Amino acid sequence: MLSEPRSGRLAAWGNALLAGLVSPDDAALAIVGEDAVHRVGGLPGEEGPVGLTFALGRLRGLGAGGFRVALPAPGHPLGLSGPPDFNARALEAEEAVVTSGAPYGLVPEVTEVGPVGDLHVEVLWHCLPVREAPPADVPSLGEAERELAEALRDATAVLSRLDVAGSGPVAEAAVDAYRARVERGREVLAPGYPPRAVRVLELAQRVGLLVSVAHENGHGGAVSASEIAARGEALRPVERVARRAQVAAYNAYVEQQGR
């Protein structure tokens with residue numbers, strides 16, 4: 001939850017490209033990020049994997065008018081619409097991109113290659129058929145914003161009582177690192193997104209940060225089994241709300257276009 005999902009980068013910058021707000025090269029550069037290379041396999045009419053800029057252009061030619069994000073988890077098919085094969089692949093990857101206006105979806109396969117100490121990441125996006133239907137369990141931006149505020153308030157009360165919320169040097173270092181990334185001018189979303197989507201995504205990422213810190217800090221003051229279980233119960237709905245908010249933010253461009 002701390003790192004930006006690759007599906008989020010592809011959807012956001014793919015939408016900016018379709019809107020004519022960025023060039024194909026700039027979109028591809030932003031999508032690849034710190035990875036070595038991204039390719040797309042399984043595109044209709046192509047025998048093998050192709051480059052990212054070509055693939056985005058081909059999807060546009062096939063009718064894609066926008067890109068949505070799915071961030072599913074076991075028991076929560078967030079952003080998916082089927083069929084079962086695509087849903088299963090997306091659940092295994094914990095993310096996917098679904099095109100709007102064309103019956104295709106993209107699921108990333110991430111591979112580390114190279115010798116120890118000099119590894120780099122390659123991503124192969126598998127293009128698969130999807131069912132054209134409303135995505136599962138995606139809230140509006142307004143709903144996501146309200147849910148985040150409520151979930152954060154409730155969970156903070158429980159976690160503070162158990163002495164595992166945002167305290168200690170590990171938590172402080174994580175928060176400082178997050179703030180440093182923001183201060184360096186990191187673009188939260190690509191051009192064309194409404195300000196509210198940026199605000200919701202930033203809040204969702206902050207909530208995800210706190211959830212990760214709480215997990216990484218071990219059991220903290222929760223020394224009994226019942227207290228550990230209570231912490232888990234407090235974190236699960238918060239993590240779920242944060243994922244829903246992320247998807248709502250990334251999908252806001254398509255929603256505001258009425259696609």
# chains A, B, ... in the order shown; residues from 1 in each chain; ligands from 1

call {"tool": "closest_atom_pairs", "arguments": {"of": "range 45-87 of chain A", "to": "range 3-25 of chain A", "cutoff": "8 Å", "atoms": "only C-alpha atoms", "output": "Markdown table"}}
result
| residue | atom | partner | partner_atom | distance |
| --- | --- | --- | --- | --- |
| A:Thr53 | CA | A:Pro24 | CA | 5.9 |
| A:Leu56 | CA | A:Gly14 | CA | 7.1 |
| A:Arg60 | CA | A:Leu18 | CA | 7.4 |
| A:Gly65 | CA | A:Leu18 | CA | 7.0 |
| A:Gly66 | CA | A:Asn15 | CA | 5.5 |
| A:Phe67 | CA | A:Ala11 | CA | 4.9 |
| A:Arg68 | CA | A:Ala11 | CA | 5.9 |
| A:Val69 | CA | A:Ser7 | CA | 6.1 |
| A:Ala70 | CA | A:Ser7 | CA | 7.8 |

call {"tool": "closest_residue", "arguments": {"among": "A:Leu80, A:Leu71, A:Ala197, A:Leu235", "to": "Glu132 in chain A", "atoms": "only C-alpha atoms"}}
result
A:Leu80

call {"tool": "atom_distance", "arguments": {"atom1": "CA of Gly105 in chain A", "atom2": "CA of Leu209 in chain A"}}
result
28.2 Å

call {"tool": "atom_distance", "arguments": {"atom1": "CA of Arg199 in chain A", "atom2": "CA of Arg146 in chain A"}}
result
12.1 Å

call {"tool": "residues_around", "arguments": {"residues": "Leu91 in chain A", "least_positions_apart": "4", "cutoff": "7 Å", "atoms": "only C-alpha atoms", "output": "VMD selection string"}}
result
chain A and resid 72 to 73 87 95

call {"tool": "write_last_selection", "arguments": {"atoms": "N, CA, C and O atoms", "output": "mmCIF file, in the first residue's frame"}}
result
data_model
loop_
_atom_site.group_PDB
_atom_site.id
_atom_site.type_symbol
_atom_site.label_atom_id
_atom_site.label_comp_id
_atom_site.auth_asym_id
_atom_site.auth_seq_id
_atom_site.Cartn_x
_atom_site.Cartn_y
_atom_site.Cartn_z
ATOM 1 N N PRO A 72 -7.766 -5.969 -6.296
ATOM 2 C CA PRO A 72 -8.501 -7.010 -5.570
ATOM 3 C C PRO A 72 -7.666 -7.643 -4.465
ATOM 4 O O PRO A 72 -6.429 -7.624 -4.485
ATOM 5 N N ALA A 73 -8.366 -8.214 -3.499
ATOM 6 C CA ALA A 73 -7.768 -9.000 -2.418
ATOM 7 C C ALA A 73 -8.694 -10.180 -2.169
ATOM 8 O O ALA A 73 -9.853 -10.171 -2.605
ATOM 9 N N ASN A 87 -10.351 -12.373 -13.429
ATOM 10 C CA ASN A 87 -10.392 -12.067 -12.002
ATOM 11 C C ASN A 87 -9.330 -12.843 -11.232
ATOM 12 O O ASN A 87 -8.682 -12.307 -10.331
ATOM 13 N N GLU A 95 -3.541 -6.663 -8.562
ATOM 14 C CA GLU A 95 -3.844 -5.431 -9.282
ATOM 15 C C GLU A 95 -4.097 -5.744 -10.753
ATOM 16 O O GLU A 95 -3.694 -6.795 -11.266
#

call {"tool": "residues_around", "arguments": {"residues": "range 112-117 of chain A", "least_positions_apart": "5", "cutoff": "10 Å", "atoms": "only C-alpha atoms", "output": "list in words"}}
result
Asp35, Ala36, Glu122 and Val123 of chain A

call {"tool": "select_by_dssp", "arguments": {"residues": "range 33-143 of chain A", "states": "helix (DSSP H, G or I)", "output": "NGL selection string"}}
result
:A and (52-61 or 84-93 or 141-143)

call {"tool": "closest_residue", "arguments": {"among": "A:Leu78, A:Ala102, A:Ala151, A:Ala133", "to": "Ala248 in chain A", "atoms": "only C-alpha atoms"}}
result
A:Leu78

call {"tool": "closest_residue", "arguments": {"among": "A:Arg236, A:Arg39, A:Arg196, A:His76", "to": "Gly208 in chain A", "atoms": "only C-alpha atoms"}}
result
A:Arg236

call {"tool": "atom_distance", "arguments": {"atom1": "CA of Gly63 in chain A", "atom2": "CA of Gly101 in chain A"}}
result
5.5 Å

call {"tool": "closest_residue", "arguments": {"among": "A:Gly79, A:Tyr253, A:Ala28, A:Glu233", "to": "Pro139 in chain A", "atoms": "only C-alpha atoms"}}
result
A:Gly79

call {"tool": "select_by_dssp", "arguments": {"residues": "range 24-186 of chain A", "states": "strand (DSSP E or B)", "output": "compact mmCIF listing (two decimals) with all heavy atoms, in the first residue's frame"}}
result
# COMPACT_ATOMS: atom_id res chain seq x y z
N VAL A 37 11.90 -2.08 -17.99
CA VAL A 37 11.13 -2.09 -19.24
C VAL A 37 9.74 -2.65 -18.96
O VAL A 37 9.57 -3.48 -18.07
CB VAL A 37 11.84 -2.95 -20.32
CG1 VAL A 37 11.90 -4.41 -19.91
CG2 VAL A 37 11.18 -2.79 -21.68
N HIS A 38 8.76 -2.16 -19.71
CA HIS A 38 7.40 -2.71 -19.70
C HIS A 38 7.04 -3.12 -21.12
O HIS A 38 7.28 -2.36 -22.06
CB HIS A 38 6.38 -1.68 -19.22
CG HIS A 38 6.37 -1.44 -17.75
ND1 HIS A 38 5.22 -1.15 -17.04
CD2 HIS A 38 7.38 -1.45 -16.84
CE1 HIS A 38 5.52 -0.98 -15.77
NE2 HIS A 38 6.82 -1.14 -15.62
N ARG A 39 6.46 -4.31 -21.26
CA ARG A 39 5.95 -4.76 -22.54
C ARG A 39 4.55 -5.32 -22.34
O ARG A 39 4.15 -5.63 -21.21
CB ARG A 39 6.88 -5.81 -23.17
CG ARG A 39 8.27 -5.24 -23.50
CD ARG A 39 9.22 -6.29 -24.05
NE ARG A 39 8.82 -6.77 -25.37
CZ ARG A 39 9.00 -6.10 -26.50
NH1 ARG A 39 9.56 -4.90 -26.49
NH2 ARG A 39 8.64 -6.62 -27.64
N VAL A 40 3.82 -5.46 -23.44
CA VAL A 40 2.44 -5.93 -23.38
C VAL A 40 2.29 -7.13 -24.30
O VAL A 40 2.60 -7.05 -25.49
CB VAL A 40 1.44 -4.82 -23.77
CG1 VAL A 40 0.01 -5.34 -23.70
CG2 VAL A 40 1.61 -3.61 -22.87
N GLY A 41 1.83 -8.24 -23.76
CA GLY A 41 1.62 -9.45 -24.54
C GLY A 41 0.14 -9.78 -24.65
O GLY A 41 -0.67 -9.41 -23.80
N VAL A 50 4.76 -6.50 -27.25
CA VAL A 50 5.09 -5.26 -27.95
C VAL A 50 5.41 -4.19 -26.92
O VAL A 50 5.16 -4.34 -25.73
CB VAL A 50 3.93 -4.80 -28.86
CG1 VAL A 50 3.63 -5.85 -29.92
CG2 VAL A 50 2.68 -4.50 -28.03
N GLY A 51 5.99 -3.09 -27.41
CA GLY A 51 6.34 -2.00 -26.53
C GLY A 51 5.11 -1.29 -25.97
O GLY A 51 4.00 -1.38 -26.51
N GLY A 66 -10.53 4.98 -22.03
CA GLY A 66 -10.02 5.27 -20.70
C GLY A 66 -9.55 4.00 -20.03
O GLY A 66 -9.77 2.88 -20.52
N PHE A 67 -8.89 4.17 -18.89
CA PHE A 67 -8.36 3.03 -18.14
C PHE A 67 -8.79 3.13 -16.69
O PHE A 67 -8.70 4.20 -16.08
CB PHE A 67 -6.83 2.99 -18.22
CG PHE A 67 -6.30 2.81 -19.61
CD1 PHE A 67 -5.85 3.92 -20.34
CD2 PHE A 67 -6.25 1.57 -20.21
CE1 PHE A 67 -5.37 3.77 -21.63
CE2 PHE A 67 -5.77 1.41 -21.50
CZ PHE A 67 -5.33 2.51 -22.21
N ARG A 68 -9.25 2.01 -16.14
CA ARG A 68 -9.62 1.91 -14.74
C ARG A 68 -8.65 0.99 -14.01
O ARG A 68 -8.01 0.14 -14.63
CB ARG A 68 -11.04 1.37 -14.57
CG ARG A 68 -12.15 2.31 -15.00
CD ARG A 68 -13.49 1.71 -14.61
NE ARG A 68 -14.61 2.63 -14.83
CZ ARG A 68 -15.38 2.64 -15.90
NH1 ARG A 68 -15.14 1.78 -16.87
NH2 ARG A 68 -16.37 3.50 -16.01
N VAL A 69 -8.60 1.12 -12.70
CA VAL A 69 -7.73 0.29 -11.86
C VAL A 69 -8.57 -0.68 -11.05
O VAL A 69 -9.67 -0.35 -10.60
CB VAL A 69 -6.90 1.19 -10.91
CG1 VAL A 69 -6.17 0.35 -9.86
CG2 VAL A 69 -5.89 2.01 -11.70
N ALA A 70 -8.04 -1.87 -10.84
CA ALA A 70 -8.60 -2.85 -9.92
C ALA A 70 -7.50 -3.25 -8.94
O ALA A 70 -6.37 -3.51 -9.34
CB ALA A 70 -9.11 -4.08 -10.66
N ALA A 73 -8.37 -8.21 -3.50
CA ALA A 73 -7.77 -9.00 -2.42
C ALA A 73 -8.69 -10.18 -2.17
O ALA A 73 -9.85 -10.17 -2.61
CB ALA A 73 -7.61 -8.15 -1.16
N HIS A 76 -12.50 -9.91 -1.85
CA HIS A 76 -12.85 -8.53 -2.19
C HIS A 76 -12.39 -8.23 -3.62
O HIS A 76 -11.28 -7.75 -3.85
CB HIS A 76 -12.16 -7.56 -1.21
CG HIS A 76 -12.62 -6.15 -1.34
ND1 HIS A 76 -11.84 -5.07 -0.99
CD2 HIS A 76 -13.80 -5.63 -1.79
CE1 HIS A 76 -12.50 -3.95 -1.21
NE2 HIS A 76 -13.69 -4.27 -1.70
N ALA A 96 -4.75 -4.81 -11.43
CA ALA A 96 -5.01 -4.93 -12.86
C ALA A 96 -5.51 -3.60 -13.38
O ALA A 96 -5.89 -2.71 -12.62
CB ALA A 96 -6.05 -6.02 -13.14
N VAL A 97 -5.48 -3.47 -14.71
CA VAL A 97 -6.05 -2.32 -15.40
C VAL A 97 -7.15 -2.83 -16.31
O VAL A 97 -6.96 -3.85 -17.01
CB VAL A 97 -4.99 -1.57 -16.22
CG1 VAL A 97 -5.63 -0.48 -17.08
CG2 VAL A 97 -3.94 -0.97 -15.30
N VAL A 98 -8.29 -2.16 -16.32
CA VAL A 98 -9.42 -2.55 -17.16
C VAL A 98 -9.73 -1.38 -18.09
O VAL A 98 -9.87 -0.24 -17.64
CB VAL A 98 -10.66 -2.90 -16.32
CG1 VAL A 98 -11.83 -3.26 -17.23
CG2 VAL A 98 -10.35 -4.04 -15.36
N THR A 99 -9.79 -1.64 -19.39
CA THR A 99 -10.08 -0.57 -20.34
C THR A 99 -11.56 -0.23 -20.34
O THR A 99 -12.41 -1.09 -20.10
CB THR A 99 -9.66 -0.97 -21.77
OG1 THR A 99 -10.40 -2.12 -22.17
CG2 THR A 99 -8.17 -1.28 -21.83
N SER A 100 -11.85 1.02 -20.61
CA SER A 100 -13.22 1.48 -20.76
C SER A 100 -13.48 1.71 -22.24
O SER A 100 -12.72 2.40 -22.92
CB SER A 100 -13.42 2.79 -19.99
OG SER A 100 -14.70 3.33 -20.22
N TYR A 104 -11.08 -5.34 -22.81
CA TYR A 104 -9.75 -5.87 -22.51
C TYR A 104 -9.28 -5.38 -21.15
O TYR A 104 -9.66 -4.31 -20.68
CB TYR A 104 -8.75 -5.44 -23.59
CG TYR A 104 -9.14 -5.86 -24.97
CD1 TYR A 104 -9.63 -4.93 -25.88
CD2 TYR A 104 -9.06 -7.20 -25.36
CE1 TYR A 104 -10.02 -5.32 -27.16
CE2 TYR A 104 -9.45 -7.60 -26.63
CZ TYR A 104 -9.93 -6.65 -27.53
OH TYR A 104 -10.33 -7.03 -28.77
N GLY A 105 -8.44 -6.21 -20.53
CA GLY A 105 -7.81 -5.84 -19.27
C GLY A 105 -6.35 -6.23 -19.31
O GLY A 105 -5.93 -7.08 -20.11
N LEU A 106 -5.55 -5.61 -18.44
CA LEU A 106 -4.12 -5.84 -18.39
C LEU A 106 -3.72 -6.25 -16.98
O LEU A 106 -4.05 -5.56 -16.01
CB LEU A 106 -3.35 -4.58 -18.80
CG LEU A 106 -3.66 -4.00 -20.18
CD1 LEU A 106 -3.04 -2.62 -20.31
CD2 LEU A 106 -3.13 -4.93 -21.27
N VAL A 107 -2.99 -7.37 -16.87
CA VAL A 107 -2.51 -7.85 -15.58
C VAL A 107 -0.98 -7.92 -15.64
O VAL A 107 -0.43 -8.54 -16.55
CB VAL A 107 -3.08 -9.23 -15.25
CG1 VAL A 107 -2.53 -9.74 -13.92
CG2 VAL A 107 -4.60 -9.19 -15.21
N PRO A 108 -0.29 -7.31 -14.67
CA PRO A 108 1.18 -7.30 -14.73
C PRO A 108 1.81 -8.57 -14.20
O PRO A 108 1.37 -9.13 -13.19
CB PRO A 108 1.55 -6.11 -13.84
CG PRO A 108 0.45 -6.06 -12.82
CD PRO A 108 -0.80 -6.50 -13.54
N GLU A 109 2.85 -9.01 -14.88
CA GLU A 109 3.72 -10.08 -14.39
C GLU A 109 5.09 -9.47 -14.18
O GLU A 109 5.72 -9.00 -15.13
CB GLU A 109 3.79 -11.23 -15.39
CG GLU A 109 4.72 -12.35 -14.96
CD GLU A 109 4.85 -13.44 -16.01
OE1 GLU A 109 4.05 -13.45 -16.96
OE2 GLU A 109 5.77 -14.27 -15.88
N VAL A 110 5.54 -9.43 -12.95
CA VAL A 110 6.77 -8.73 -12.59
C VAL A 110 7.90 -9.74 -12.40
O VAL A 110 7.76 -10.73 -11.67
CB VAL A 110 6.57 -7.91 -11.29
CG1 VAL A 110 7.85 -7.17 -10.92
CG2 VAL A 110 5.41 -6.93 -11.46
N THR A 111 9.03 -9.48 -13.06
CA THR A 111 10.18 -10.39 -13.00
C THR A 111 11.44 -9.60 -12.66
O THR A 111 11.68 -8.54 -13.24
CB THR A 111 10.39 -11.12 -14.33
OG1 THR A 111 9.17 -11.78 -14.70
CG2 THR A 111 11.51 -12.13 -14.23
N GLU A 112 12.23 -10.12 -11.74
CA GLU A 112 13.54 -9.54 -11.44
C GLU A 112 14.59 -10.33 -12.21
O GLU A 112 14.64 -11.56 -12.13
CB GLU A 112 13.83 -9.60 -9.94
CG GLU A 112 12.98 -8.66 -9.10
CD GLU A 112 13.41 -8.64 -7.65
OE1 GLU A 112 14.10 -9.59 -7.22
OE2 GLU A 112 13.05 -7.68 -6.94
N VAL A 113 15.43 -9.63 -12.95
CA VAL A 113 16.47 -10.28 -13.74
C VAL A 113 17.82 -9.62 -13.45
O VAL A 113 17.89 -8.48 -13.00
CB VAL A 113 16.14 -10.20 -15.25
CG1 VAL A 113 14.84 -10.91 -15.57
CG2 VAL A 113 16.05 -8.75 -15.71
N HIS A 120 17.32 -5.86 -11.90
CA HIS A 120 16.39 -4.87 -12.42
C HIS A 120 15.06 -5.55 -12.72
O HIS A 120 15.00 -6.76 -12.87
CB HIS A 120 16.95 -4.14 -13.65
CG HIS A 120 17.23 -5.04 -14.82
ND1 HIS A 120 18.40 -5.75 -14.97
CD2 HIS A 120 16.47 -5.35 -15.91
CE1 HIS A 120 18.37 -6.44 -16.09
NE2 HIS A 120 17.21 -6.23 -16.68
N VAL A 121 14.02 -4.74 -12.78
CA VAL A 121 12.66 -5.25 -12.87
C VAL A 121 12.12 -5.09 -14.29
O VAL A 121 12.20 -4.01 -14.88
CB VAL A 121 11.74 -4.53 -11.88
CG1 VAL A 121 10.29 -4.97 -12.07
CG2 VAL A 121 12.19 -4.80 -10.45
N GLU A 122 11.58 -6.18 -14.81
CA GLU A 122 10.88 -6.16 -16.09
C GLU A 122 9.42 -6.51 -15.86
O GLU A 122 9.12 -7.38 -15.03
CB GLU A 122 11.51 -7.14 -17.08
CG GLU A 122 12.95 -6.79 -17.43
CD GLU A 122 13.55 -7.75 -18.44
OE1 GLU A 122 12.87 -8.75 -18.79
OE2 GLU A 122 14.68 -7.50 -18.89
N VAL A 123 8.53 -5.85 -16.57
CA VAL A 123 7.10 -6.08 -16.40
C VAL A 123 6.47 -6.47 -17.74
O VAL A 123 6.67 -5.78 -18.74
CB VAL A 123 6.38 -4.83 -15.85
CG1 VAL A 123 4.89 -5.08 -15.70
CG2 VAL A 123 6.98 -4.42 -14.51
N LEU A 124 5.78 -7.59 -17.72
CA LEU A 124 5.01 -8.02 -18.89
C LEU A 124 3.53 -7.91 -18.53
O LEU A 124 3.05 -8.60 -17.63
CB LEU A 124 5.36 -9.45 -19.28
CG LEU A 124 4.53 -10.06 -20.43
CD1 LEU A 124 4.78 -9.28 -21.73
CD2 LEU A 124 4.87 -11.54 -20.61
N TRP A 125 2.82 -7.04 -19.23
CA TRP A 125 1.39 -6.89 -19.03
C TRP A 125 0.66 -7.88 -19.94
O TRP A 125 0.83 -7.84 -21.17
CB TRP A 125 0.94 -5.48 -19.36
CG TRP A 125 1.47 -4.43 -18.43
CD1 TRP A 125 2.63 -3.75 -18.54
CD2 TRP A 125 0.83 -3.95 -17.24
NE1 TRP A 125 2.78 -2.87 -17.50
CE2 TRP A 125 1.68 -2.96 -16.68
CE3 TRP A 125 -0.38 -4.24 -16.61
CZ2 TRP A 125 1.36 -2.28 -15.51
CZ3 TRP A 125 -0.70 -3.56 -15.45
CH2 TRP A 125 0.16 -2.60 -14.90
N HIS A 126 -0.14 -8.75 -19.34
CA HIS A 126 -0.92 -9.72 -20.11
C HIS A 126 -2.27 -9.11 -20.47
O HIS A 126 -3.04 -8.74 -19.57
CB HIS A 126 -1.12 -11.01 -19.31
CG HIS A 126 0.14 -11.75 -19.02
ND1 HIS A 126 0.72 -12.62 -19.93
CD2 HIS A 126 0.95 -11.74 -17.93
CE1 HIS A 126 1.82 -13.12 -19.42
NE2 HIS A 126 1.99 -12.60 -18.20
N CYS A 127 -2.55 -8.99 -21.76
CA CYS A 127 -3.82 -8.46 -22.23
C CYS A 127 -4.81 -9.61 -22.34
O CYS A 127 -4.56 -10.59 -23.06
CB CYS A 127 -3.65 -7.77 -23.58
SG CYS A 127 -5.16 -7.01 -24.22
N LEU A 128 -5.93 -9.49 -21.62
CA LEU A 128 -6.91 -10.57 -21.55
C LEU A 128 -8.31 -10.00 -21.76
O LEU A 128 -8.56 -8.82 -21.48
CB LEU A 128 -6.85 -11.24 -20.17
CG LEU A 128 -5.51 -11.84 -19.76
CD1 LEU A 128 -5.50 -12.14 -18.27
CD2 LEU A 128 -5.25 -13.11 -20.56
N PRO A 129 -9.24 -10.82 -22.24
CA PRO A 129 -10.62 -10.34 -22.41
C PRO A 129 -11.29 -10.13 -21.06
O PRO A 129 -11.06 -10.88 -20.10
CB PRO A 129 -11.30 -11.46 -23.20
CG PRO A 129 -10.47 -12.67 -22.92
CD PRO A 129 -9.07 -12.20 -22.74

call {"tool": "closest_residue", "arguments": {"among": "A:Val138, A:Gly42, A:Leu52, A:Pro237", "to": "Ala30 in chain A", "atoms": "only C-alpha atoms"}}
result
A:Leu52

call {"tool": "residues_around", "arguments": {"residues": "Glu150 in chain A", "least_positions_apart": "3", "cutoff": "12 Å", "atoms": "only C-alpha atoms", "output": "PyMOL selection string"}}
result
chain A and resi 143-147+153-157+207+237-238+241-242

call {"tool": "write_last_selection", "arguments": {"atoms": "N, CA and C atoms", "output": "PDB file, in the first residue's frame"}}
result
ATOM      1  N   GLU A 143     -17.651   9.496  -1.343  1.00  0.00           N
ATOM      2  CA  GLU A 143     -17.799   8.377  -0.421  1.00  0.00           C
ATOM      3  C   GLU A 143     -16.440   7.925   0.097  1.00  0.00           C
ATOM      4  N   ALA A 144     -15.463   7.843  -0.789  1.00  0.00           N
ATOM      5  CA  ALA A 144     -14.126   7.400  -0.392  1.00  0.00           C
ATOM      6  C   ALA A 144     -13.516   8.341   0.633  1.00  0.00           C
ATOM      7  N   GLU A 145     -13.681   9.631   0.430  1.00  0.00           N
ATOM      8  CA  GLU A 145     -13.116  10.608   1.352  1.00  0.00           C
ATOM      9  C   GLU A 145     -13.739  10.472   2.744  1.00  0.00           C
ATOM     10  N   ARG A 146     -15.047  10.322   2.797  1.00  0.00           N
ATOM     11  CA  ARG A 146     -15.724  10.163   4.086  1.00  0.00           C
ATOM     12  C   ARG A 146     -15.321   8.856   4.772  1.00  0.00           C
ATOM     13  N   GLU A 147     -15.244   7.775   3.990  1.00  0.00           N
ATOM     14  CA  GLU A 147     -14.872   6.484   4.571  1.00  0.00           C
ATOM     15  C   GLU A 147     -13.460   6.521   5.150  1.00  0.00           C
ATOM     16  N   ARG A 153     -10.096   7.464  11.982  1.00  0.00           N
ATOM     17  CA  ARG A 153     -10.424   7.875  13.349  1.00  0.00           C
ATOM     18  C   ARG A 153     -10.674   6.667  14.238  1.00  0.00           C
ATOM     19  N   ASP A 154     -11.479   5.728  13.763  1.00  0.00           N
ATOM     20  CA  ASP A 154     -11.811   4.560  14.581  1.00  0.00           C
ATOM     21  C   ASP A 154     -10.583   3.693  14.836  1.00  0.00           C
ATOM     22  N   ALA A 155      -9.783   3.473  13.781  1.00  0.00           N
ATOM     23  CA  ALA A 155      -8.624   2.595  13.942  1.00  0.00           C
ATOM     24  C   ALA A 155      -7.565   3.226  14.828  1.00  0.00           C
ATOM     25  N   THR A 156      -7.381   4.533  14.711  1.00  0.00           N
ATOM     26  CA  THR A 156      -6.377   5.203  15.535  1.00  0.00           C
ATOM     27  C   THR A 156      -6.687   5.036  17.014  1.00  0.00           C
ATOM     28  N   ALA A 157      -7.968   5.097  17.360  1.00  0.00           N
ATOM     29  CA  ALA A 157      -8.350   4.931  18.766  1.00  0.00           C
ATOM     30  C   ALA A 157      -7.968   3.542  19.269  1.00  0.00           C
ATOM     31  N   VAL A 207      -2.976   6.793   4.807  1.00  0.00           N
ATOM     32  CA  VAL A 207      -3.613   5.741   5.601  1.00  0.00           C
ATOM     33  C   VAL A 207      -2.878   4.417   5.382  1.00  0.00           C
ATOM     34  N   PRO A 237     -10.285  -3.436   8.135  1.00  0.00           N
ATOM     35  CA  PRO A 237     -11.206  -2.518   7.461  1.00  0.00           C
ATOM     36  C   PRO A 237     -10.549  -1.239   6.994  1.00  0.00           C
ATOM     37  N   VAL A 238      -9.513  -0.780   7.701  1.00  0.00           N
ATOM     38  CA  VAL A 238      -8.813   0.432   7.280  1.00  0.00           C
ATOM     39  C   VAL A 238      -8.078   0.188   5.969  1.00  0.00           C
ATOM     40  N   VAL A 241     -10.625   0.065   3.170  1.00  0.00           N
ATOM     41  CA  VAL A 241     -11.097   1.406   2.818  1.00  0.00           C
ATOM     42  C   VAL A 241     -10.039   2.154   2.012  1.00  0.00           C
ATOM     43  N   ALA A 242      -8.772   2.019   2.395  1.00  0.00           N
ATOM     44  CA  ALA A 242      -7.705   2.710   1.677  1.00  0.00           C
ATOM     45  C   ALA A 242      -7.579   2.195   0.246  1.00  0.00           C
TER      46      ALA A 242
END

call {"tool": "decode", "arguments": {"residues": "range 131-135 of chain A", "atoms": "all heavy atoms", "output": "mmCIF file, in the first residue's frame"}}
result
data_model
loop_
_atom_site.group_PDB
_atom_site.id
_atom_site.type_symbol
_atom_site.label_atom_id
_atom_site.label_comp_id
_atom_site.auth_asym_id
_atom_site.auth_seq_id
_atom_site.Cartn_x
_atom_site.Cartn_y
_atom_site.Cartn_z
ATOM 1 N N ARG A 131 -15.148 -8.741 -19.089
ATOM 2 C CA ARG A 131 -16.578 -8.527 -19.243
ATOM 3 C C ARG A 131 -16.871 -7.037 -19.094
ATOM 4 O O ARG A 131 -16.406 -6.406 -18.138
ATOM 5 C CB ARG A 131 -17.341 -9.330 -18.196
ATOM 6 C CG ARG A 131 -18.855 -9.211 -18.300
ATOM 7 C CD ARG A 131 -19.518 -10.016 -17.195
ATOM 8 N NE ARG A 131 -19.170 -11.438 -17.313
ATOM 9 C CZ ARG A 131 -18.807 -12.200 -16.287
ATOM 10 N NH1 ARG A 131 -18.708 -11.681 -15.078
ATOM 11 N NH2 ARG A 131 -18.527 -13.476 -16.480
ATOM 12 N N GLU A 132 -17.591 -6.463 -20.023
ATOM 13 C CA GLU A 132 -17.944 -5.048 -19.941
ATOM 14 C C GLU A 132 -19.142 -4.890 -19.003
ATOM 15 O O GLU A 132 -20.284 -5.127 -19.387
ATOM 16 C CB GLU A 132 -18.248 -4.501 -21.330
ATOM 17 C CG GLU A 132 -17.018 -4.495 -22.239
ATOM 18 C CD GLU A 132 -17.280 -3.802 -23.552
ATOM 19 O OE1 GLU A 132 -17.711 -4.507 -24.480
ATOM 20 O OE2 GLU A 132 -17.051 -2.583 -23.657
ATOM 21 N N ALA A 133 -18.849 -4.523 -17.771
ATOM 22 C CA ALA A 133 -19.863 -4.373 -16.728
ATOM 23 C C ALA A 133 -19.325 -3.419 -15.677
ATOM 24 O O ALA A 133 -18.117 -3.162 -15.621
ATOM 25 C CB ALA A 133 -20.196 -5.732 -16.110
ATOM 26 N N PRO A 134 -20.179 -2.862 -14.835
ATOM 27 C CA PRO A 134 -19.705 -1.954 -13.789
ATOM 28 C C PRO A 134 -18.689 -2.648 -12.876
ATOM 29 O O PRO A 134 -18.883 -3.811 -12.495
ATOM 30 C CB PRO A 134 -20.980 -1.586 -13.020
ATOM 31 C CG PRO A 134 -22.082 -1.786 -14.013
ATOM 32 C CD PRO A 134 -21.660 -2.952 -14.853
ATOM 33 N N PRO A 135 -17.591 -1.986 -12.505
ATOM 34 C CA PRO A 135 -16.595 -2.594 -11.618
ATOM 35 C C PRO A 135 -17.139 -2.796 -10.216
ATOM 36 O O PRO A 135 -17.986 -2.036 -9.742
ATOM 37 C CB PRO A 135 -15.449 -1.580 -11.635
ATOM 38 C CG PRO A 135 -16.095 -0.281 -11.981
ATOM 39 C CD PRO A 135 -17.232 -0.622 -12.908
#
